[in-house]
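Raw contents of target.pdb, PDB, C-alpha atoms:
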```
ATOM      1  CA  MET A   1       0.000   0.000   0.000  1.00  0.00           C
ATOM      2  CA  HIS A   2       1.354   3.423  -0.961  1.00  0.00           C
ATOM      3  CA  PRO A   3       1.354   6.073   1.777  1.00  0.00           C
ATOM      4  CA  ALA A   4      -1.142   8.926   1.513  1.00  0.00           C
ATOM      5  CA  LEU A   5       1.556  11.612   1.780  1.00  0.00           C
ATOM      6  CA  VAL A   6       4.151  12.374  -0.882  1.00  0.00           C
ATOM      7  CA  LEU A   7       7.124  14.512   0.169  1.00  0.00           C
ATOM      8  CA  ALA A   8       8.287  16.647  -2.754  1.00  0.00           C
ATOM      9  CA  SER A   9      11.867  16.759  -1.531  1.00  0.00           C
ATOM     10  CA  GLN A  10      15.106  14.798  -1.483  1.00  0.00           C
ATOM     11  CA  SER A  11      16.120  16.296   1.872  1.00  0.00           C
ATOM     12  CA  PRO A  12      17.281  13.624   4.351  1.00  0.00           C
ATOM     13  CA  ALA A  13      16.528  16.033   7.208  1.00  0.00           C
ATOM     14  CA  ARG A  14      12.878  16.443   6.202  1.00  0.00           C
ATOM     15  CA  ALA A  15      12.534  12.719   5.681  1.00  0.00           C
ATOM     16  CA  SER A  16      13.989  12.088   9.131  1.00  0.00           C
ATOM     17  CA  LEU A  17      11.497  14.470  10.738  1.00  0.00           C
ATOM     18  CA  LEU A  18       8.564  12.621   9.184  1.00  0.00           C
ATOM     19  CA  GLU A  19      10.012   9.273  10.201  1.00  0.00           C
ATOM     20  CA  ARG A  20      10.555  10.366  13.803  1.00  0.00           C
ATOM     21  CA  ALA A  21       6.954  11.604  13.917  1.00  0.00           C
ATOM     22  CA  HIS A  22       5.813   8.226  12.499  1.00  0.00           C
ATOM     23  CA  ILE A  23       4.167   9.846   9.482  1.00  0.00           C
ATOM     24  CA  PRO A  24       4.255   7.478   6.487  1.00  0.00           C
ATOM     25  CA  TYR A  25       5.372   9.084   3.245  1.00  0.00           C
ATOM     26  CA  ARG A  26       6.975   8.566  -0.128  1.00  0.00           C
ATOM     27  CA  ALA A  27       9.694  10.956  -1.334  1.00  0.00           C
ATOM     28  CA  VAL A  28       9.599  12.172  -4.941  1.00  0.00           C
ATOM     29  CA  VAL A  29      12.060  14.778  -6.233  1.00  0.00           C
ATOM     30  CA  SER A  30      10.463  17.797  -7.920  1.00  0.00           C
ATOM     31  CA  HIS A  31      13.385  18.930 -10.143  1.00  0.00           C
ATOM     32  CA  VAL A  32      12.198  22.552  -9.909  1.00  0.00           C
ATOM     33  CA  ASP A  33      14.744  25.092 -11.197  1.00  0.00           C
ATOM     34  CA  GLU A  34      14.748  27.253  -8.074  1.00  0.00           C
ATOM     35  CA  ASP A  35      17.016  30.013  -9.354  1.00  0.00           C
ATOM     36  CA  ALA A  36      15.043  30.429 -12.581  1.00  0.00           C
ATOM     37  CA  LEU A  37      11.727  30.517 -10.715  1.00  0.00           C
ATOM     38  CA  VAL A  38      12.885  33.168  -8.248  1.00  0.00           C
ATOM     39  CA  ALA A  39      14.323  35.263 -11.068  1.00  0.00           C
ATOM     40  CA  ALA A  40      11.045  35.063 -12.974  1.00  0.00           C
ATOM     41  CA  GLU A  41       8.668  35.696 -10.061  1.00  0.00           C
ATOM     42  CA  ALA A  42      10.851  38.137  -8.062  1.00  0.00           C
ATOM     43  CA  PRO A  43       9.220  37.615  -4.636  1.00  0.00           C
ATOM     44  CA  GLU A  44       9.474  40.664  -2.370  1.00  0.00           C
ATOM     45  CA  THR A  45      10.580  38.980   0.865  1.00  0.00           C
ATOM     46  CA  PRO A  46      12.570  35.895   1.917  1.00  0.00           C
ATOM     47  CA  ALA A  47       9.396  34.423   3.449  1.00  0.00           C
ATOM     48  CA  GLU A  48       7.576  34.831   0.131  1.00  0.00           C
ATOM     49  CA  THR A  49      10.500  33.166  -1.613  1.00  0.00           C
ATOM     50  CA  ALA A  50      10.278  30.151   0.702  1.00  0.00           C
ATOM     51  CA  LEU A  51       6.543  29.772   0.084  1.00  0.00           C
ATOM     52  CA  LEU A  52       6.912  30.259  -3.682  1.00  0.00           C
ATOM     53  CA  LEU A  53       9.472  27.474  -3.920  1.00  0.00           C
ATOM     54  CA  ALA A  54       7.510  25.161  -1.621  1.00  0.00           C
ATOM     55  CA  ARG A  55       4.424  25.622  -3.793  1.00  0.00           C
ATOM     56  CA  ALA A  56       6.338  25.045  -7.014  1.00  0.00           C
ATOM     57  CA  LYS A  57       7.799  21.787  -5.696  1.00  0.00           C
ATOM     58  CA  ALA A  58       4.439  20.501  -4.451  1.00  0.00           C
ATOM     59  CA  GLU A  59       2.628  21.397  -7.665  1.00  0.00           C
ATOM     60  CA  ALA A  60       5.342  19.883  -9.862  1.00  0.00           C
ATOM     61  CA  VAL A  61       5.213  16.564  -8.019  1.00  0.00           C
ATOM     62  CA  SER A  62       1.405  16.570  -7.803  1.00  0.00           C
ATOM     63  CA  ALA A  63       1.315  16.387 -11.613  1.00  0.00           C
ATOM     64  CA  LEU A  64       3.298  13.130 -11.629  1.00  0.00           C
ATOM     65  CA  PRO A  65       1.686   9.662 -11.717  1.00  0.00           C
ATOM     66  CA  GLU A  66       3.265   8.821  -8.330  1.00  0.00           C
ATOM     67  CA  ALA A  67       1.126  11.486  -6.660  1.00  0.00           C
ATOM     68  CA  GLU A  68      -2.233  10.505  -8.124  1.00  0.00           C
ATOM     69  CA  GLY A  69      -4.869  10.303  -5.409  1.00  0.00           C
ATOM     70  CA  ARG A  70      -2.485  11.478  -2.690  1.00  0.00           C
ATOM     71  CA  LEU A  71      -1.464  14.528  -0.669  1.00  0.00           C
ATOM     72  CA  VAL A  72       1.748  16.243  -1.747  1.00  0.00           C
ATOM     73  CA  LEU A  73       3.880  18.336   0.602  1.00  0.00           C
ATOM     74  CA  GLY A  74       6.453  20.776  -0.727  1.00  0.00           C
ATOM     75  CA  CYS A  75       8.889  22.577   1.573  1.00  0.00           C
ATOM     76  CA  ASP A  76      11.645  25.101   1.092  1.00  0.00           C
ATOM     77  CA  SER A  77      13.796  27.080   3.512  1.00  0.00           C
ATOM     78  CA  VAL A  78      15.350  30.515   3.100  1.00  0.00           C
ATOM     79  CA  PHE A  79      17.610  32.169   5.662  1.00  0.00           C
ATOM     80  CA  GLU A  80      17.376  35.924   6.155  1.00  0.00           C
ATOM     81  CA  LEU A  81      20.088  38.162   7.580  1.00  0.00           C
ATOM     82  CA  ASP A  82      19.735  41.958   7.447  1.00  0.00           C
ATOM     83  CA  GLY A  83      16.849  41.541   5.018  1.00  0.00           C
ATOM     84  CA  VAL A  84      19.000  39.562   2.554  1.00  0.00           C
ATOM     85  CA  PRO A  85      17.857  36.023   1.610  1.00  0.00           C
ATOM     86  CA  TYR A  86      20.427  33.243   1.719  1.00  0.00           C
ATOM     87  CA  GLY A  87      19.782  29.936   0.019  1.00  0.00           C
ATOM     88  CA  LYS A  88      22.306  27.139  -0.406  1.00  0.00           C
ATOM     89  CA  PRO A  89      25.893  28.428  -0.748  1.00  0.00           C
ATOM     90  CA  TYR A  90      27.182  25.479  -2.844  1.00  0.00           C
ATOM     91  CA  GLU A  91      30.757  26.851  -2.876  1.00  0.00           C
ATOM     92  CA  PRO A  92      33.122  26.811   0.157  1.00  0.00           C
ATOM     93  CA  ASP A  93      34.183  30.444  -0.282  1.00  0.00           C
ATOM     94  CA  VAL A  94      30.555  31.569  -0.293  1.00  0.00           C
ATOM     95  CA  ALA A  95      29.793  29.508   2.818  1.00  0.00           C
ATOM     96  CA  ILE A  96      32.782  30.949   4.689  1.00  0.00           C
ATOM     97  CA  GLU A  97      31.736  34.494   3.810  1.00  0.00           C
ATOM     98  CA  ARG A  98      28.141  33.947   4.904  1.00  0.00           C
ATOM     99  CA  ILE A  99      28.923  32.129   8.139  1.00  0.00           C
ATOM    100  CA  SER A 100      31.432  34.833   9.051  1.00  0.00           C
ATOM    101  CA  ALA A 101      28.663  37.412   8.640  1.00  0.00           C
ATOM    102  CA  MET A 102      26.310  35.324  10.809  1.00  0.00           C
ATOM    103  CA  SER A 103      28.812  34.826  13.639  1.00  0.00           C
ATOM    104  CA  GLY A 104      27.592  36.299  16.922  1.00  0.00           C
ATOM    105  CA  ARG A 105      24.372  37.551  15.346  1.00  0.00           C
ATOM    106  CA  THR A 106      20.726  36.576  14.873  1.00  0.00           C
ATOM    107  CA  GLY A 107      19.019  35.688  11.618  1.00  0.00           C
ATOM    108  CA  THR A 108      15.636  34.278  10.659  1.00  0.00           C
ATOM    109  CA  LEU A 109      15.003  30.968   8.963  1.00  0.00           C
ATOM    110  CA  HIS A 110      11.789  30.891   6.923  1.00  0.00           C
ATOM    111  CA  THR A 111      10.395  27.515   5.902  1.00  0.00           C
ATOM    112  CA  GLY A 112       7.540  27.467   3.424  1.00  0.00           C
ATOM    113  CA  HIS A 113       5.079  24.566   3.404  1.00  0.00           C
ATOM    114  CA  TRP A 114       2.613  23.900   0.594  1.00  0.00           C
ATOM    115  CA  LEU A 115       0.145  21.010   0.638  1.00  0.00           C
ATOM    116  CA  VAL A 116      -1.581  19.928  -2.568  1.00  0.00           C
ATOM    117  CA  ASP A 117      -4.624  17.683  -2.255  1.00  0.00           C
ATOM    118  CA  ALA A 118      -4.518  15.466  -5.330  1.00  0.00           C
ATOM    119  CA  ARG A 119      -7.104  12.994  -4.042  1.00  0.00           C
ATOM    120  CA  THR A 120      -9.727  14.348  -6.426  1.00  0.00           C
ATOM    121  CA  GLY A 121      -9.661  15.165 -10.123  1.00  0.00           C
ATOM    122  CA  GLU A 122      -8.807  18.824  -9.538  1.00  0.00           C
ATOM    123  CA  ALA A 123      -5.828  19.338  -7.263  1.00  0.00           C
ATOM    124  CA  SER A 124      -6.051  22.223  -4.800  1.00  0.00           C
ATOM    125  CA  GLY A 125      -3.463  23.572  -2.401  1.00  0.00           C
ATOM    126  CA  ASN A 126      -2.749  25.760   0.565  1.00  0.00           C
ATOM    127  CA  GLY A 127       0.415  26.955   2.247  1.00  0.00           C
ATOM    128  CA  LEU A 128       1.931  28.422   5.389  1.00  0.00           C
ATOM    129  CA  VAL A 129       5.331  29.835   6.359  1.00  0.00           C
ATOM    130  CA  CYS A 130       6.917  29.006   9.695  1.00  0.00           C
ATOM    131  CA  SER A 131       9.733  31.352  10.742  1.00  0.00           C
ATOM    132  CA  ALA A 132      12.217  31.047  13.599  1.00  0.00           C
ATOM    133  CA  ASP A 133      14.978  33.329  14.854  1.00  0.00           C
ATOM    134  CA  VAL A 134      18.371  31.647  15.110  1.00  0.00           C
ATOM    135  CA  HIS A 135      20.976  33.050  17.523  1.00  0.00           C
ATOM    136  CA  PHE A 136      24.540  32.183  16.542  1.00  0.00           C
ATOM    137  CA  ALA A 137      27.546  31.987  18.828  1.00  0.00           C
ATOM    138  CA  THR A 138      30.669  33.953  17.967  1.00  0.00           C
ATOM    139  CA  MET A 139      32.837  31.671  15.847  1.00  0.00           C
ATOM    140  CA  THR A 140      36.530  31.818  15.129  1.00  0.00           C
ATOM    141  CA  ARG A 141      37.847  31.776  11.594  1.00  0.00           C
ATOM    142  CA  ALA A 142      39.352  28.334  12.236  1.00  0.00           C
ATOM    143  CA  GLU A 143      35.998  26.959  13.422  1.00  0.00           C
ATOM    144  CA  ILE A 144      34.241  28.320  10.358  1.00  0.00           C
ATOM    145  CA  GLU A 145      36.833  26.849   7.997  1.00  0.00           C
ATOM    146  CA  ASP A 146      36.707  23.492   9.820  1.00  0.00           C
ATOM    147  CA  TYR A 147      32.931  23.431   9.476  1.00  0.00           C
ATOM    148  CA  VAL A 148      32.910  24.332   5.800  1.00  0.00           C
ATOM    149  CA  ALA A 149      35.607  21.723   5.113  1.00  0.00           C
ATOM    150  CA  THR A 150      33.168  18.997   6.222  1.00  0.00           C
ATOM    151  CA  GLY A 151      30.894  19.921   3.309  1.00  0.00           C
ATOM    152  CA  GLU A 152      27.846  19.939   5.572  1.00  0.00           C
ATOM    153  CA  PRO A 153      26.821  23.581   5.069  1.00  0.00           C
ATOM    154  CA  LEU A 154      27.196  23.665   1.279  1.00  0.00           C
ATOM    155  CA  GLN A 155      23.820  22.151   0.385  1.00  0.00           C
ATOM    156  CA  VAL A 156      21.609  23.712   3.074  1.00  0.00           C
ATOM    157  CA  ALA A 157      19.818  27.050   3.288  1.00  0.00           C
ATOM    158  CA  GLY A 158      21.773  29.613   5.261  1.00  0.00           C
ATOM    159  CA  SER A 159      24.931  27.485   5.341  1.00  0.00           C
ATOM    160  CA  PHE A 160      24.142  25.808   8.670  1.00  0.00           C
ATOM    161  CA  THR A 161      22.265  22.889  10.171  1.00  0.00           C
ATOM    162  CA  LEU A 162      20.549  22.411  13.503  1.00  0.00           C
ATOM    163  CA  ASP A 163      20.654  18.621  13.339  1.00  0.00           C
ATOM    164  CA  GLY A 164      24.326  18.166  12.517  1.00  0.00           C
ATOM    165  CA  ARG A 165      27.783  19.593  13.213  1.00  0.00           C
ATOM    166  CA  GLY A 166      26.503  23.163  12.924  1.00  0.00           C
ATOM    167  CA  SER A 167      24.323  22.746  16.023  1.00  0.00           C
ATOM    168  CA  GLN A 168      27.243  23.553  18.318  1.00  0.00           C
ATOM    169  CA  PHE A 169      27.347  27.090  16.894  1.00  0.00           C
ATOM    170  CA  ILE A 170      23.686  27.827  17.639  1.00  0.00           C
ATOM    171  CA  GLU A 171      23.018  29.267  21.078  1.00  0.00           C
ATOM    172  CA  ARG A 172      19.234  29.169  20.862  1.00  0.00           C
ATOM    173  CA  VAL A 173      16.243  29.189  18.540  1.00  0.00           C
ATOM    174  CA  ASP A 174      13.167  31.344  19.091  1.00  0.00           C
ATOM    175  CA  GLY A 175      10.404  29.468  17.299  1.00  0.00           C
ATOM    176  CA  ASP A 176       9.848  25.943  16.036  1.00  0.00           C
ATOM    177  CA  PRO A 177      13.255  24.196  15.844  1.00  0.00           C
ATOM    178  CA  ASN A 178      11.836  21.664  13.391  1.00  0.00           C
ATOM    179  CA  ALA A 179      11.221  24.500  10.940  1.00  0.00           C
ATOM    180  CA  VAL A 180      14.933  25.306  11.139  1.00  0.00           C
ATOM    181  CA  ILE A 181      15.710  21.691  10.305  1.00  0.00           C
ATOM    182  CA  GLY A 182      13.412  21.967   7.305  1.00  0.00           C
ATOM    183  CA  LEU A 183       9.829  20.976   8.132  1.00  0.00           C
ATOM    184  CA  SER A 184       7.555  22.232  10.891  1.00  0.00           C
ATOM    185  CA  LEU A 185       5.490  19.255  11.981  1.00  0.00           C
ATOM    186  CA  SER A 186       3.002  21.485  13.771  1.00  0.00           C
ATOM    187  CA  THR A 187       2.537  23.471  10.548  1.00  0.00           C
ATOM    188  CA  LEU A 188       2.020  20.233   8.628  1.00  0.00           C
ATOM    189  CA  ARG A 189      -0.589  19.200  11.208  1.00  0.00           C
ATOM    190  CA  THR A 190      -2.447  22.469  10.562  1.00  0.00           C
ATOM    191  CA  LEU A 191      -2.372  22.008   6.782  1.00  0.00           C
ATOM    192  CA  LEU A 192      -3.546  18.409   7.049  1.00  0.00           C
ATOM    193  CA  ALA A 193      -6.395  19.450   9.329  1.00  0.00           C
ATOM    194  CA  GLY A 194      -7.456  21.873   6.617  1.00  0.00           C
ATOM    195  CA  VAL A 195      -8.130  18.935   4.289  1.00  0.00           C
ATOM    196  CA  GLY A 196      -9.760  16.807   6.963  1.00  0.00           C
ATOM    197  CA  ILE A 197      -6.779  14.624   7.872  1.00  0.00           C
ATOM    198  CA  ARG A 198      -5.413  13.733  11.320  1.00  0.00           C
ATOM    199  CA  ALA A 199      -1.751  12.805  11.033  1.00  0.00           C
ATOM    200  CA  SER A 200      -2.211  10.689  14.149  1.00  0.00           C
ATOM    201  CA  SER A 201      -4.593   8.470  12.179  1.00  0.00           C
ATOM    202  CA  TRP A 202      -1.607   7.353  10.080  1.00  0.00           C
ATOM    203  CA  TRP A 203       0.464   6.050  12.981  1.00  0.00           C
ATOM    204  CA  GLY A 204      -0.754   2.517  12.475  1.00  0.00           C
ATOM    205  CA  ALA A 205       0.326   2.601   8.844  1.00  0.00           C
ATOM    206  CA  ALA A 206       3.746   3.967   9.782  1.00  0.00           C
ATOM    207  CA  ALA A 207       4.220   1.152  12.287  1.00  0.00           C
ATOM    208  CA  GLN A 208       3.610  -1.317   9.443  1.00  0.00           C
ATOM    209  CA  GLY A 209       6.279   0.279   7.254  1.00  0.00           C
ATOM    210  CA  GLY A 210       4.235   2.788   5.288  1.00  0.00           C
ATOM    211  CA  ALA A 211       7.163   5.092   4.458  1.00  0.00           C
ATOM    212  CA  GLN A 212       8.681   4.318   1.063  1.00  0.00           C
TER     213      GLN A 212
END
```
Since I need it in another form, could you write the structure as structure tokens?
Amino acid sequence: MHPALVLASQSPARASLLERAHIPYRAVVSHVDEDALVAAEAPETPAETALLLARAKAEAVSALPEAEGRLVLGCDSVFELDGVPYGKPYEPDVAIERISAMSGRTGTLHTGHWLVDARTGEASGNGLVCSADVHFATMTRAEIEDYVATGEPLQVAGSFTLDGRGSQFIERVDGDPNAVIGLSLSTLRTLLAGVGIRASSWWGAAAQGGAQ
């Protein structure tokens, strides 16, 4: 039996959050060109950018045969510092520059969530943004270079993680820490309730190995 929820993401962190919450799912990659979409739509704020990308991922996957008759969740995270949005740095030099700017300061991580209900012939969707303030410790240049050398921050929004090596540089989070990791489970609960679903009703399926 296929799970009712499709996660439009290849993020191991998001998958882990769903697994720890015992929510059965299937992951399907969206292949959305994020840079091209943002350039074309020009969202005004980092939060709007996060929601735009989450919606694009969910809608792209909802059109695939794997999503037929299911719920599709798209998520995307954008880090904001001084009003500037930071996505994935990809390159070590970029990561070092960004983390150096974040050292000893506070930024905001915005995670957009978009849920498409593809259980009927006409798919419909709704979305929410969950934002959290992240307070960073003061880091030395050597610590920053050591962290970037691991490769961990290169493929994540804002160049840091809360569930990996980067956690030691975060003094506290004001808001939902799961949103910083990549998926607010409480926000997902709200979106599911909007389409008449209790995530807790899936726990039996998860116990039987519903995640694929």
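The coordinates place atom CA of Thr45 of chain A at 25.6 Å from atom CA of Glu171 of chain A.
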- Task: For Gly107 of chain A, work out the shell of residues within 6 Å, counting all atoms listed in the file and skipping chain neighbours fewer than 3 positions away, then give it as number ranges by chain.
- Result: A: 80-81, 133-134
- Task: Point out the residue among A:Gly83, A:Gly196, A:Pro177, A:Gly158 with the least atom-to-atom distance to Arg119 of chain A, counting only C-alpha atoms.
- Result: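 Checking each of A:Gly83, A:Gly196, A:Pro177, A:Gly158 against Arg119 of chain A, counting only C-alpha atoms, the winner is A:Gly196.
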- Cut-off 10 Å around (-3.1, 15.3, 9.0) with only C-alpha atoms: residues as a list in words: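 Checking each residue against the 10 Å limit leaves Leu5, Ile23, Leu71, Leu185, Ser186, Leu188, Arg189, Thr190, Leu191, Leu192, Ala193, Gly194, Val195, Gly196, Ile197, Arg198, Ala199, Ser200, Ser201 and Trp202 of chain A.
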Restricted to C-alpha atoms, what would the selected residues look like written as a short mmCIF file (atom, residue, chain, number, x, y, z; two decimals), keeping the file's coordinate frame?
```
data_model
loop_
_atom_site.label_atom_id
_atom_site.label_comp_id
_atom_site.auth_asym_id
_atom_site.auth_seq_id
_atom_site.Cartn_x
_atom_site.Cartn_y
_atom_site.Cartn_z
CA LEU A 5 1.56 11.61 1.78
CA ILE A 23 4.17 9.85 9.48
CA LEU A 71 -1.46 14.53 -0.67
CA LEU A 185 5.49 19.26 11.98
CA SER A 186 3.00 21.48 13.77
CA LEU A 188 2.02 20.23 8.63
CA ARG A 189 -0.59 19.20 11.21
CA THR A 190 -2.45 22.47 10.56
CA LEU A 191 -2.37 22.01 6.78
CA LEU A 192 -3.55 18.41 7.05
CA ALA A 193 -6.40 19.45 9.33
CA GLY A 194 -7.46 21.87 6.62
CA VAL A 195 -8.13 18.93 4.29
CA GLY A 196 -9.76 16.81 6.96
CA ILE A 197 -6.78 14.62 7.87
CA ARG A 198 -5.41 13.73 11.32
CA ALA A 199 -1.75 12.80 11.03
CA SER A 200 -2.21 10.69 14.15
CA SER A 201 -4.59 8.47 12.18
CA TRP A 202 -1.61 7.35 10.08
#
```
- Item | Ala118 of chain A surroundings by all atoms listed in the file, 7 Å radius, close-in-sequence under 6 positions cut, as a PyMOL selection string | chain A and resi 62+68-71+124
Write out as a JSON list (two decimals) with C-alpha atoms, in the frame of the given file each polymer residue whose atoms come within 9 Å of Val78 of chain A, counting all atoms listed in the file; drop sequence neighbours fewer than 6 positions from it.
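Below you can see result.json, which holds the result:
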```json
[["chain", "number", "residue", "atom", "x", "y", "z"],
["A", 46, "PRO", "CA", 12.57, 35.90, 1.92],
["A", 47, "ALA", "CA", 9.40, 34.42, 3.45],
["A", 49, "THR", "CA", 10.50, 33.17, -1.61],
["A", 50, "ALA", "CA", 10.28, 30.15, 0.70],
["A", 85, "PRO", "CA", 17.86, 36.02, 1.61],
["A", 86, "TYR", "CA", 20.43, 33.24, 1.72],
["A", 87, "GLY", "CA", 19.78, 29.94, 0.02],
["A", 88, "LYS", "CA", 22.31, 27.14, -0.41],
["A", 108, "THR", "CA", 15.64, 34.28, 10.66],
["A", 109, "LEU", "CA", 15.00, 30.97, 8.96],
["A", 110, "HIS", "CA", 11.79, 30.89, 6.92],
["A", 111, "THR", "CA", 10.40, 27.52, 5.90],
["A", 112, "GLY", "CA", 7.54, 27.47, 3.42],
["A", 157, "ALA", "CA", 19.82, 27.05, 3.29],
["A", 158, "GLY", "CA", 21.77, 29.61, 5.26]]
```
- Message: Assuming the chain letters and numbering stay as they are in my file, what does the PyMOL selection byres ((chain A and resi 10-12) around 8) actually select? List them as a ChimeraX atom specification.
- Response: /A:8-9,13-16,27-29
- Atom pair atom CA of Arg105 of chain A / atom CA of Glu34 of chain A: separation (Å):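 If I compute the distance from atom CA of Arg105 of chain A to atom CA of Glu34 of chain A, I get 27.3 Å.
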- Query: Hey, which of A:Asp35, A:Asp163, A:Asp176, A:Asp76 ends up closest to Arg55 of chain A? Count all atoms listed in the file.
  - Reply: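 The answer is A:Asp76, which sits nearest to Arg55 of chain A.
For the pair atom CA of Tyr25 of chain A and atom CA of His113 of chain A, the separation is 15.5 Å.
Nearest residue to Ser77 of chain A, choosing from A:Leu154, A:Leu52, A:Ile170, A:Ala40 and counting all atoms listed in the file: A:Leu52.
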- Query: Looking at A:Ser184, A:Gln155, A:Thr161, A:Ser167, which one is nearest to Glu91 of chain A, with distances taken over only C-alpha atoms?
  - Reply: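 So, comparing all the options, the nearest one is A:Gln155.
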- Message: Here is a test: counting all atoms listed in the file, which residue of A:Leu7, A:Ala54, A:Ala39, A:Leu162 is nearest to Leu128 of chain A?
- Response: A:Ala54
- Selection near Glu59 of chain A, 10 Å with only C-alpha atoms, sequence-local residues under 2 positions removed, as a list in words: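 Selected residues are Ala8, Ser30, Val32, Leu53, Ala54, Arg55, Ala56, Lys57, Val61, Ser62, Ala63, Leu64, Val72, Leu73, Gly74, Trp114, Leu115, Val116, Asp117, Ala118, Ala123, Ser124 and Gly125 of chain A.
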Output C-alpha atoms for every residue in the selection just made, as a CSV table (one decimal), in the coordinates of the input.
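Listed below is the output, selection_4.csv:
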```csv
chain,number,residue,atom,x,y,z
A,8,ALA,CA,8.3,16.6,-2.8
A,30,SER,CA,10.5,17.8,-7.9
A,32,VAL,CA,12.2,22.6,-9.9
A,53,LEU,CA,9.5,27.5,-3.9
A,54,ALA,CA,7.5,25.2,-1.6
A,55,ARG,CA,4.4,25.6,-3.8
A,56,ALA,CA,6.3,25.0,-7.0
A,57,LYS,CA,7.8,21.8,-5.7
A,61,VAL,CA,5.2,16.6,-8.0
A,62,SER,CA,1.4,16.6,-7.8
A,63,ALA,CA,1.3,16.4,-11.6
A,64,LEU,CA,3.3,13.1,-11.6
A,72,VAL,CA,1.7,16.2,-1.7
A,73,LEU,CA,3.9,18.3,0.6
A,74,GLY,CA,6.5,20.8,-0.7
A,114,TRP,CA,2.6,23.9,0.6
A,115,LEU,CA,0.1,21.0,0.6
A,116,VAL,CA,-1.6,19.9,-2.6
A,117,ASP,CA,-4.6,17.7,-2.3
A,118,ALA,CA,-4.5,15.5,-5.3
A,123,ALA,CA,-5.8,19.3,-7.3
A,124,SER,CA,-6.1,22.2,-4.8
A,125,GLY,CA,-3.5,23.6,-2.4
```
